[in-house]
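Okay, entry.pdb now, which holds PDB, C-alpha atoms, pLDDT in the B column:
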```pdb
ATOM      1  CA  MET H   1     -40.195  12.380 -30.050  1.00 44.00           C
ATOM      2  CA  THR H   2     -37.468  14.912 -30.845  1.00 46.00           C
ATOM      3  CA  ALA H   3     -33.840  14.627 -29.788  1.00 43.00           C
ATOM      4  CA  GLN H   4     -34.353  17.668 -27.526  1.00 44.00           C
ATOM      5  CA  THR H   5     -37.337  16.043 -25.818  1.00 41.00           C
ATOM      6  CA  SER H   6     -35.411  12.813 -25.338  1.00 41.00           C
ATOM      7  CA  ALA H   7     -32.481  14.665 -23.768  1.00 39.00           C
ATOM      8  CA  ALA H   8     -34.804  16.577 -21.445  1.00 38.00           C
ATOM      9  CA  GLU H   9     -36.452  13.376 -20.283  1.00 42.00           C
ATOM     10  CA  ALA H  10     -33.067  11.743 -19.692  1.00 40.00           C
ATOM     11  CA  ALA H  11     -32.020  14.713 -17.571  1.00 37.00           C
ATOM     12  CA  THR H  12     -35.245  14.445 -15.585  1.00 37.00           C
ATOM     13  CA  GLU H  13     -34.548  10.778 -14.857  1.00 45.00           C
ATOM     14  CA  ILE H  14     -31.313  11.550 -13.025  1.00 44.00           C
ATOM     15  CA  ALA H  15     -32.173  14.978 -11.615  1.00 46.00           C
ATOM     16  CA  PRO H  16     -31.340  15.217  -7.911  1.00 46.00           C
ATOM     17  CA  LEU H  17     -34.049  15.381  -5.294  1.00 46.00           C
ATOM     18  CA  PRO H  18     -33.204  18.543  -3.331  1.00 48.00           C
ATOM     19  CA  GLN H  19     -34.996  17.379  -0.192  1.00 52.00           C
ATOM     20  CA  ALA H  20     -33.387  13.937  -0.156  1.00 73.00           C
ATOM     21  CA  ARG H  21     -30.827  13.159   2.527  1.00 88.00           C
ATOM     22  CA  LEU H  22     -27.682  11.049   2.449  1.00 93.00           C
ATOM     23  CA  ILE H  23     -27.272   8.428   5.145  1.00 94.00           C
ATOM     24  CA  LEU H  24     -24.183   6.346   5.829  1.00 95.00           C
ATOM     25  CA  ALA H  25     -25.065   2.874   7.127  1.00 94.00           C
ATOM     26  CA  SER H  26     -21.986   2.654   9.307  1.00 91.00           C
ATOM     27  CA  ALA H  27     -20.561   3.746  12.629  1.00 87.00           C
ATOM     28  CA  SER H  28     -17.024   3.558  11.221  1.00 89.00           C
ATOM     29  CA  PRO H  29     -15.118   6.820  11.702  1.00 92.00           C
ATOM     30  CA  ARG H  30     -12.895   5.760   8.800  1.00 93.00           C
ATOM     31  CA  ARG H  31     -15.765   5.598   6.306  1.00 95.00           C
ATOM     32  CA  LEU H  32     -17.140   8.896   7.549  1.00 95.00           C
ATOM     33  CA  ALA H  33     -13.721  10.536   7.174  1.00 96.00           C
ATOM     34  CA  LEU H  34     -13.378   9.163   3.649  1.00 96.00           C
ATOM     35  CA  LEU H  35     -16.722  10.653   2.580  1.00 95.00           C
ATOM     36  CA  GLN H  36     -15.745  13.968   4.157  1.00 94.00           C
ATOM     37  CA  GLN H  37     -12.474  13.827   2.221  1.00 94.00           C
ATOM     38  CA  ILE H  38     -14.418  14.202  -1.035  1.00 93.00           C
ATOM     39  CA  GLY H  39     -16.669  16.909   0.364  1.00 92.00           C
ATOM     40  CA  ILE H  40     -19.645  14.770   1.348  1.00 93.00           C
ATOM     41  CA  GLU H  41     -21.121  15.199   4.814  1.00 91.00           C
ATOM     42  CA  PRO H  42     -23.784  12.569   5.574  1.00 93.00           C
ATOM     43  CA  ASP H  43     -26.974  13.880   7.112  1.00 91.00           C
ATOM     44  CA  ALA H  44     -27.062  10.908   9.455  1.00 90.00           C
ATOM     45  CA  LEU H  45     -25.219   7.741  10.464  1.00 92.00           C
ATOM     46  CA  LEU H  46     -27.265   4.577  10.694  1.00 90.00           C
ATOM     47  CA  PRO H  47     -25.133   1.633  11.847  1.00 89.00           C
ATOM     48  CA  ALA H  48     -26.393  -1.776  10.750  1.00 84.00           C
ATOM     49  CA  ASN H  49     -25.523  -4.578  13.144  1.00 85.00           C
ATOM     50  CA  ILE H  50     -25.507  -7.937  11.371  1.00 92.00           C
ATOM     51  CA  ASP H  51     -23.868 -11.319  11.798  1.00 90.00           C
ATOM     52  CA  GLU H  52     -20.659 -11.072   9.772  1.00 91.00           C
ATOM     53  CA  SER H  53     -19.672 -14.723  10.067  1.00 92.00           C
ATOM     54  CA  PRO H  54     -18.628 -16.283   6.736  1.00 94.00           C
ATOM     55  CA  ARG H  55     -20.727 -19.119   5.424  1.00 94.00           C
ATOM     56  CA  LYS H  56     -19.182 -22.499   4.766  1.00 93.00           C
ATOM     57  CA  ALA H  57     -16.982 -22.372   1.651  1.00 92.00           C
ATOM     58  CA  GLU H  58     -18.037 -18.769   0.960  1.00 96.00           C
ATOM     59  CA  ALA H  59     -15.501 -16.965  -1.222  1.00 97.00           C
ATOM     60  CA  PRO H  60     -14.081 -13.691   0.182  1.00 97.00           C
ATOM     61  CA  ARG H  61     -15.497 -11.618  -2.694  1.00 97.00           C
ATOM     62  CA  ASP H  62     -18.939 -13.145  -2.195  1.00 97.00           C
ATOM     63  CA  LEU H  63     -18.736 -12.506   1.535  1.00 97.00           C
ATOM     64  CA  ALA H  64     -17.939  -8.818   1.042  1.00 98.00           C
ATOM     65  CA  ARG H  65     -20.847  -8.485  -1.376  1.00 98.00           C
ATOM     66  CA  ARG H  66     -23.314 -10.314   0.861  1.00 97.00           C
ATOM     67  CA  LEU H  67     -22.406  -8.403   4.010  1.00 97.00           C
ATOM     68  CA  ALA H  68     -22.655  -5.020   2.285  1.00 97.00           C
ATOM     69  CA  ARG H  69     -26.074  -5.971   0.909  1.00 97.00           C
ATOM     70  CA  GLU H  70     -27.238  -7.158   4.322  1.00 96.00           C
ATOM     71  CA  LYS H  71     -26.044  -3.950   5.952  1.00 96.00           C
ATOM     72  CA  LEU H  72     -27.933  -1.963   3.333  1.00 95.00           C
ATOM     73  CA  ALA H  73     -31.110  -3.987   3.909  1.00 94.00           C
ATOM     74  CA  ALA H  74     -30.882  -3.654   7.695  1.00 93.00           C
ATOM     75  CA  ALA H  75     -30.291   0.085   7.496  1.00 92.00           C
ATOM     76  CA  GLU H  76     -33.084   0.482   4.951  1.00 91.00           C
ATOM     77  CA  ALA H  77     -35.523  -1.242   7.291  1.00 90.00           C
ATOM     78  CA  ALA H  78     -34.463   1.006  10.167  1.00 88.00           C
ATOM     79  CA  MET H  79     -34.651   4.075   7.942  1.00 84.00           C
ATOM     80  CA  HIS H  80     -38.207   3.302   6.854  1.00 80.00           C
ATOM     81  CA  ARG H  81     -39.263   3.181  10.484  1.00 80.00           C
ATOM     82  CA  SER H  82     -38.078   6.722  11.101  1.00 74.00           C
ATOM     83  CA  GLU H  83     -37.603   8.603   7.818  1.00 62.00           C
ATOM     84  CA  THR H  84     -40.351  10.559   6.113  1.00 61.00           C
ATOM     85  CA  VAL H  85     -38.286  11.927   3.209  1.00 67.00           C
ATOM     86  CA  PRO H  86     -36.366  10.122   0.432  1.00 78.00           C
ATOM     87  CA  ALA H  87     -32.709   9.353   1.063  1.00 88.00           C
ATOM     88  CA  TRP H  88     -29.569   8.041  -0.514  1.00 93.00           C
ATOM     89  CA  LEU H  89     -28.258   5.212   1.651  1.00 95.00           C
ATOM     90  CA  ILE H  90     -24.664   3.948   1.470  1.00 97.00           C
ATOM     91  CA  ALA H  91     -23.415   0.690   2.990  1.00 97.00           C
ATOM     92  CA  ALA H  92     -20.040  -0.999   2.640  1.00 97.00           C
ATOM     93  CA  ASP H  93     -18.069  -3.973   3.883  1.00 96.00           C
ATOM     94  CA  THR H  94     -14.387  -4.890   3.700  1.00 97.00           C
ATOM     95  CA  VAL H  95     -12.946  -8.410   3.748  1.00 97.00           C
ATOM     96  CA  VAL H  96      -9.245  -9.252   4.015  1.00 98.00           C
ATOM     97  CA  ALA H  97      -8.203 -12.641   2.672  1.00 98.00           C
ATOM     98  CA  VAL H  98      -5.153 -14.803   2.104  1.00 97.00           C
ATOM     99  CA  GLY H  99      -6.158 -17.164  -0.659  1.00 94.00           C
ATOM    100  CA  ARG H 100      -9.682 -18.225   0.266  1.00 94.00           C
ATOM    101  CA  ARG H 101      -9.045 -17.763   3.973  1.00 96.00           C
ATOM    102  CA  VAL H 102     -10.940 -14.815   5.420  1.00 97.00           C
ATOM    103  CA  LEU H 103      -9.115 -12.998   8.197  1.00 97.00           C
ATOM    104  CA  PRO H 104     -11.183 -11.795  11.160  1.00 95.00           C
ATOM    105  CA  LYS H 105     -11.756  -8.316  12.476  1.00 95.00           C
ATOM    106  CA  ALA H 106      -9.263  -8.713  15.277  1.00 96.00           C
ATOM    107  CA  GLU H 107     -10.659  -8.159  18.760  1.00 96.00           C
ATOM    108  CA  THR H 108      -7.830  -9.641  20.851  1.00 97.00           C
ATOM    109  CA  PRO H 109      -4.029  -9.310  20.694  1.00 97.00           C
ATOM    110  CA  ASP H 110      -3.761 -13.008  19.862  1.00 97.00           C
ATOM    111  CA  GLU H 111      -6.106 -12.635  16.890  1.00 97.00           C
ATOM    112  CA  ALA H 112      -4.199  -9.621  15.621  1.00 98.00           C
ATOM    113  CA  ALA H 113      -0.845 -11.372  16.081  1.00 98.00           C
ATOM    114  CA  ASP H 114      -2.073 -14.409  14.133  1.00 98.00           C
ATOM    115  CA  CYS H 115      -3.199 -12.132  11.294  1.00 98.00           C
ATOM    116  CA  LEU H 116       0.092 -10.229  11.174  1.00 98.00           C
ATOM    117  CA  ARG H 117       2.180 -13.408  11.169  1.00 98.00           C
ATOM    118  CA  LEU H 118       0.074 -14.727   8.292  1.00 98.00           C
ATOM    119  CA  LEU H 119       0.387 -11.481   6.315  1.00 98.00           C
ATOM    120  CA  SER H 120       4.116 -11.110   6.967  1.00 98.00           C
ATOM    121  CA  GLY H 121       6.202 -11.190   3.795  1.00 98.00           C
ATOM    122  CA  ARG H 122       3.343 -12.089   1.488  1.00 97.00           C
ATOM    123  CA  GLN H 123       0.551 -10.692  -0.633  1.00 98.00           C
ATOM    124  CA  HIS H 124      -3.078 -10.634   0.447  1.00 98.00           C
ATOM    125  CA  ARG H 125      -6.280  -9.376  -1.113  1.00 98.00           C
ATOM    126  CA  VAL H 126      -8.786  -6.858   0.188  1.00 98.00           C
ATOM    127  CA  PHE H 127     -12.354  -6.893  -1.135  1.00 98.00           C
ATOM    128  CA  THR H 128     -14.596  -3.913  -0.457  1.00 98.00           C
ATOM    129  CA  THR H 129     -18.181  -3.707  -1.651  1.00 98.00           C
ATOM    130  CA  VAL H 130     -20.121  -0.450  -1.639  1.00 98.00           C
ATOM    131  CA  CYS H 131     -23.909  -0.572  -2.056  1.00 98.00           C
ATOM    132  CA  LEU H 132     -26.178   2.365  -2.812  1.00 97.00           C
ATOM    133  CA  LEU H 133     -29.928   2.696  -2.345  1.00 95.00           C
ATOM    134  CA  THR H 134     -31.354   5.713  -4.176  1.00 93.00           C
ATOM    135  CA  PRO H 135     -34.293   7.902  -3.167  1.00 91.00           C
ATOM    136  CA  ARG H 136     -36.244   6.399  -6.037  1.00 88.00           C
ATOM    137  CA  GLY H 137     -35.618   2.858  -4.809  1.00 89.00           C
ATOM    138  CA  GLY H 138     -32.832   1.925  -7.208  1.00 92.00           C
ATOM    139  CA  ARG H 139     -29.967  -0.278  -6.035  1.00 95.00           C
ATOM    140  CA  ARG H 140     -26.426  -0.255  -7.319  1.00 96.00           C
ATOM    141  CA  GLU H 141     -23.167  -1.735  -6.096  1.00 97.00           C
ATOM    142  CA  ARG H 142     -19.487  -2.106  -6.891  1.00 98.00           C
ATOM    143  CA  VAL H 143     -16.936  -4.641  -5.663  1.00 98.00           C
ATOM    144  CA  VAL H 144     -13.324  -3.457  -5.558  1.00 98.00           C
ATOM    145  CA  GLU H 145     -10.392  -5.863  -5.235  1.00 98.00           C
ATOM    146  CA  SER H 146      -7.005  -4.585  -4.092  1.00 98.00           C
ATOM    147  CA  ARG H 147      -3.762  -6.491  -3.542  1.00 98.00           C
ATOM    148  CA  VAL H 148      -1.422  -5.592  -0.709  1.00 98.00           C
ATOM    149  CA  ARG H 149       2.037  -6.979   0.008  1.00 98.00           C
ATOM    150  CA  PHE H 150       3.572  -6.690   3.459  1.00 98.00           C
ATOM    151  CA  LYS H 151       7.263  -6.671   4.300  1.00 98.00           C
ATOM    152  CA  ARG H 152       8.538  -9.541   6.399  1.00 98.00           C
ATOM    153  CA  LEU H 153       7.671  -8.580   9.951  1.00 98.00           C
ATOM    154  CA  SER H 154       9.943  -9.306  12.874  1.00 97.00           C
ATOM    155  CA  GLY H 155       8.625 -10.397  16.242  1.00 97.00           C
ATOM    156  CA  ARG H 156       9.565  -6.988  17.665  1.00 97.00           C
ATOM    157  CA  GLU H 157       7.622  -5.176  14.945  1.00 97.00           C
ATOM    158  CA  ILE H 158       4.546  -7.288  15.596  1.00 98.00           C
ATOM    159  CA  GLU H 159       4.774  -6.718  19.350  1.00 98.00           C
ATOM    160  CA  ALA H 160       5.222  -2.969  18.865  1.00 98.00           C
ATOM    161  CA  TYR H 161       2.206  -2.820  16.557  1.00 98.00           C
ATOM    162  CA  LEU H 162       0.092  -4.802  18.988  1.00 98.00           C
ATOM    163  CA  GLY H 163       1.029  -2.256  21.631  1.00 97.00           C
ATOM    164  CA  SER H 164      -0.426   0.544  19.527  1.00 97.00           C
ATOM    165  CA  GLY H 165      -3.938  -0.874  19.759  1.00 96.00           C
ATOM    166  CA  GLU H 166      -4.896   0.449  16.322  1.00 96.00           C
ATOM    167  CA  TRP H 167      -5.510  -3.119  15.078  1.00 97.00           C
ATOM    168  CA  ARG H 168      -8.571  -3.531  17.263  1.00 96.00           C
ATOM    169  CA  GLY H 169     -11.715  -4.116  15.226  1.00 93.00           C
ATOM    170  CA  LYS H 170      -9.822  -3.916  11.922  1.00 95.00           C
ATOM    171  CA  ALA H 171     -10.219  -6.573   9.219  1.00 95.00           C
ATOM    172  CA  GLY H 172      -6.968  -8.493   8.979  1.00 97.00           C
ATOM    173  CA  GLY H 173      -5.721  -6.964  12.221  1.00 97.00           C
ATOM    174  CA  TYR H 174      -4.234  -3.777  10.734  1.00 97.00           C
ATOM    175  CA  ALA H 175      -5.099  -0.252   9.633  1.00 97.00           C
ATOM    176  CA  ILE H 176      -3.379   0.776   6.414  1.00 97.00           C
ATOM    177  CA  GLN H 177      -4.155   4.438   7.108  1.00 96.00           C
ATOM    178  CA  GLY H 178      -2.213   4.253  10.353  1.00 96.00           C
ATOM    179  CA  LEU H 179       1.050   2.822  11.591  1.00 97.00           C
ATOM    180  CA  ALA H 180       0.670  -0.292   9.433  1.00 98.00           C
ATOM    181  CA  ALA H 181       1.363   1.826   6.355  1.00 98.00           C
ATOM    182  CA  ALA H 182       5.015   1.243   7.245  1.00 97.00           C
ATOM    183  CA  PHE H 183       4.516  -2.489   6.546  1.00 98.00           C
ATOM    184  CA  VAL H 184       3.203  -2.051   2.999  1.00 98.00           C
ATOM    185  CA  VAL H 185       5.717  -2.851   0.275  1.00 98.00           C
ATOM    186  CA  LYS H 186       3.237  -2.673  -2.583  1.00 98.00           C
ATOM    187  CA  LEU H 187      -0.439  -1.865  -3.146  1.00 98.00           C
ATOM    188  CA  VAL H 188      -2.249  -2.558  -6.404  1.00 98.00           C
ATOM    189  CA  GLY H 189      -5.771  -1.178  -6.425  1.00 97.00           C
ATOM    190  CA  SER H 190      -7.591   1.368  -4.298  1.00 98.00           C
ATOM    191  CA  HIS H 191      -6.059   2.703  -1.081  1.00 97.00           C
ATOM    192  CA  SER H 192      -9.404   4.112   0.059  1.00 98.00           C
ATOM    193  CA  ALA H 193     -11.053   0.723  -0.540  1.00 98.00           C
ATOM    194  CA  VAL H 194      -8.494  -0.929   1.736  1.00 98.00           C
ATOM    195  CA  VAL H 195      -9.279   1.701   4.372  1.00 97.00           C
ATOM    196  CA  GLY H 196     -12.981   0.888   4.041  1.00 96.00           C
ATOM    197  CA  LEU H 197     -14.722   2.804   1.229  1.00 97.00           C
ATOM    198  CA  PRO H 198     -13.635   3.040  -2.437  1.00 97.00           C
ATOM    199  CA  LEU H 199     -13.991   6.739  -3.161  1.00 97.00           C
ATOM    200  CA  TYR H 200     -13.873   6.649  -6.955  1.00 97.00           C
ATOM    201  CA  GLU H 201     -16.565   3.980  -7.134  1.00 97.00           C
ATOM    202  CA  THR H 202     -18.694   5.614  -4.440  1.00 97.00           C
ATOM    203  CA  MET H 203     -18.539   8.976  -6.201  1.00 95.00           C
ATOM    204  CA  SER H 204     -19.387   7.361  -9.552  1.00 95.00           C
ATOM    205  CA  LEU H 205     -22.431   5.600  -8.083  1.00 96.00           C
ATOM    206  CA  LEU H 206     -23.719   8.790  -6.457  1.00 94.00           C
ATOM    207  CA  GLU H 207     -23.139  10.951  -9.528  1.00 92.00           C
ATOM    208  CA  GLY H 208     -24.831   8.376 -11.728  1.00 92.00           C
ATOM    209  CA  GLU H 209     -27.953   8.711  -9.608  1.00 91.00           C
ATOM    210  CA  GLY H 210     -27.974  12.504  -9.539  1.00 90.00           C
ATOM    211  CA  PHE H 211     -26.463  13.192  -6.121  1.00 91.00           C
ATOM    212  CA  PRO H 212     -24.704  16.602  -6.148  1.00 88.00           C
ATOM    213  CA  VAL H 213     -21.267  15.315  -5.171  1.00 86.00           C
ATOM    214  CA  ARG H 214     -19.392  18.513  -5.998  1.00 85.00           C
ATOM    215  CA  ALA H 215     -21.968  20.928  -4.568  1.00 80.00           C
ATOM    216  CA  ARG H 216     -19.775  21.921  -1.603  1.00 73.00           C
ATOM    217  CA  TRP H 217     -16.380  21.885  -3.298  1.00 84.00           C
ATOM    218  CA  GLY H 218     -16.384  25.634  -3.961  1.00 74.00           C
ATOM    219  CA  ALA H 219     -17.136  26.388  -0.316  1.00 69.00           C
ATOM    220  CA  MET H 220     -14.097  24.334   0.737  1.00 70.00           C
ATOM    221  CA  ALA H 221     -11.608  26.552  -1.122  1.00 62.00           C
TER     222      ALA H 221
END
```
Would you mind writing the file out in structure tokens?
Amino acid sequence: MTAQTSAAEAATEIAPLPQARLILASASPRRLALLQQIGIEPDALLPANIDESPRKAEAPRDLARRLAREKLAAAEAAMHRSETVPAWLIAADTVVAVGRRVLPKAETPDEAADCLRLLSGRQHRVFTTVCLLTPRGGRRERVVESRVRFKRLSGREIEAYLGSGEWRGKAGGYAIQGLAAAFVVKLVGSHSAVVGLPLYETMSLLEGEGFPVRARWGAMA
């Protein structure tokens, strides 16, 4: 086998499938907006509803990894029931933790207030896992850990933030891409991962599997 033949075969292994679609296994407008930010428009959204309850003594990193994998599996099963062409499938999950304590996706003002009081004046960690299923059946994933420190929040600041309503359904009871950005003293890691989808890692996974990430960049100029 010549070097030229070997290179040609390697290129064939990662060549994109023109007919393949990209599906985002999420109903999150934040994750959709993040993909659109780097010029990727999913062909479809396929939300995966799973039980996101932590298991006993489950570490936050492990929880983020497990939930992203379960979302991918649930969306894959749904996709196979309706899809007739290959597809790239992306799933992700974000977990906010203080130590080993996992904070909930706040659904009530009391839950959000508890989260904000716990985060006030201290550092917490955000784990986001992105999983990719390729048209050829390959599976890849990345776990991204970021550290965020909040300022010390006054009672009035917490009440004002609760009044905004943007905390609803957000892990840890806040949205870093919104008003809560004013609470952040320091962030070490990936801002997009804290929002819900690590863009560098997602782009690297897609490019590594032959997805034409930059295909539309010229048209955006």
Spatial neighbours of Gly39 (chain H), max dist 12 Å, only C-alpha atoms, sep filter under 5 positions, as a PyMOL selection string
chain H and resi 32-34+199+203+212-221
Work out where the centre of an axis-aligned box around every listed atom of region 112-130 of chain H lies and how long its edges are once 6 Å is added on each side; give both in Å to one decimal as AutoDock Vina command-line options.
```
--center_x -7.0 --center_y -7.6 --center_z 7.2 --size_x 38.3 --size_y 26.3 --size_z 29.7
```
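Using the PyMOL selection byres ((chain H and resi 106) around 10) on the file at hand returns these residues: Leu103, Pro104, Lys105, Glu107, Thr108, Pro109, Asp110, Glu111, Ala112, Ala113, Asp114, Cys115, Trp167, Arg168, Gly169, Lys170, Ala171, Gly172, Gly173 and Tyr174 of chain H.
Close contacts of Ala175 (chain H), defined as residues with an atom at most 12 Å away when counting all atoms listed in the file, with chain neighbours fewer than 6 positions off set aside, comprise Arg30, Thr94, Val96, Lys105, Ala106, Ala112, Leu116, Tyr161, Leu162, Ser164, Gly165, Glu166, Trp167, Arg168, Gly169, Ala181, Ala182, Phe183, Val184, His191, Ser192, Ala193, Val194, Val195 and Gly196 of chain H.
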So what do you get for CA of Arg65 (chain H) versus CA of Gly208 (chain H), distance-wise?
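Atom-to-atom, CA of Arg65 (chain H) and CA of Gly208 (chain H) are spaced 20.2 Å apart.
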For Ala77 (chain H), which residue among H:Leu179, H:Leu46, H:Arg101, H:Ala20 is the nearest when counting all atoms listed in the file?
H:Leu46
Determine the nearest neighbour of Leu118 (chain H) from the options H:Leu45, H:Val95, H:Val102, H:Ile90, counting only C-alpha atoms.
H:Val102
Considering only C-alpha atoms, can you say which of H:Thr202, H:Leu63, H:Ala25, H:Pro86 comes closest to Gly138 (chain H)?
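Among the listed residues, the smallest separation from Gly138 (chain H) belongs to H:Pro86.
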Rounded to one decimal, what separation in Å do you get between CA of Phe211 (chain H) and CA of Pro42 (chain H)?
12.0 Å
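Atom pair CA of Glu157 (chain H) / CA of Asp93 (chain H): separated by 28.0 Å.
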Would you kindly return, as a count of residues only, each protein, DNA or RNA residue with an atom no farther than 10 Å from any atom of Ile23 (chain H), considering all atoms listed in the file and excluding same-chain residues fewer than 3 positions away?
18
Taking (7.0, -8.0, 8.6) in the coordinates of the supplied file, I want to know which residues reach to within 7 Å of it, counting all atoms listed in the file; could you give the answer as a ChimeraX atom specification?
/H:120-121,150-154,157,183
Residue nearest Glu201 (chain H) among H:Ala73, H:Leu119, H:Ile176, H:Leu35 (counting only C-alpha atoms)
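Among the listed residues, the smallest separation from Glu201 (chain H) belongs to H:Leu35.
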Pick out the closest residue to Leu22 (chain H) from this set: H:Ala97, H:Val148, H:Ala57, H:Ile40. Count only C-alpha atoms.
H:Ile40
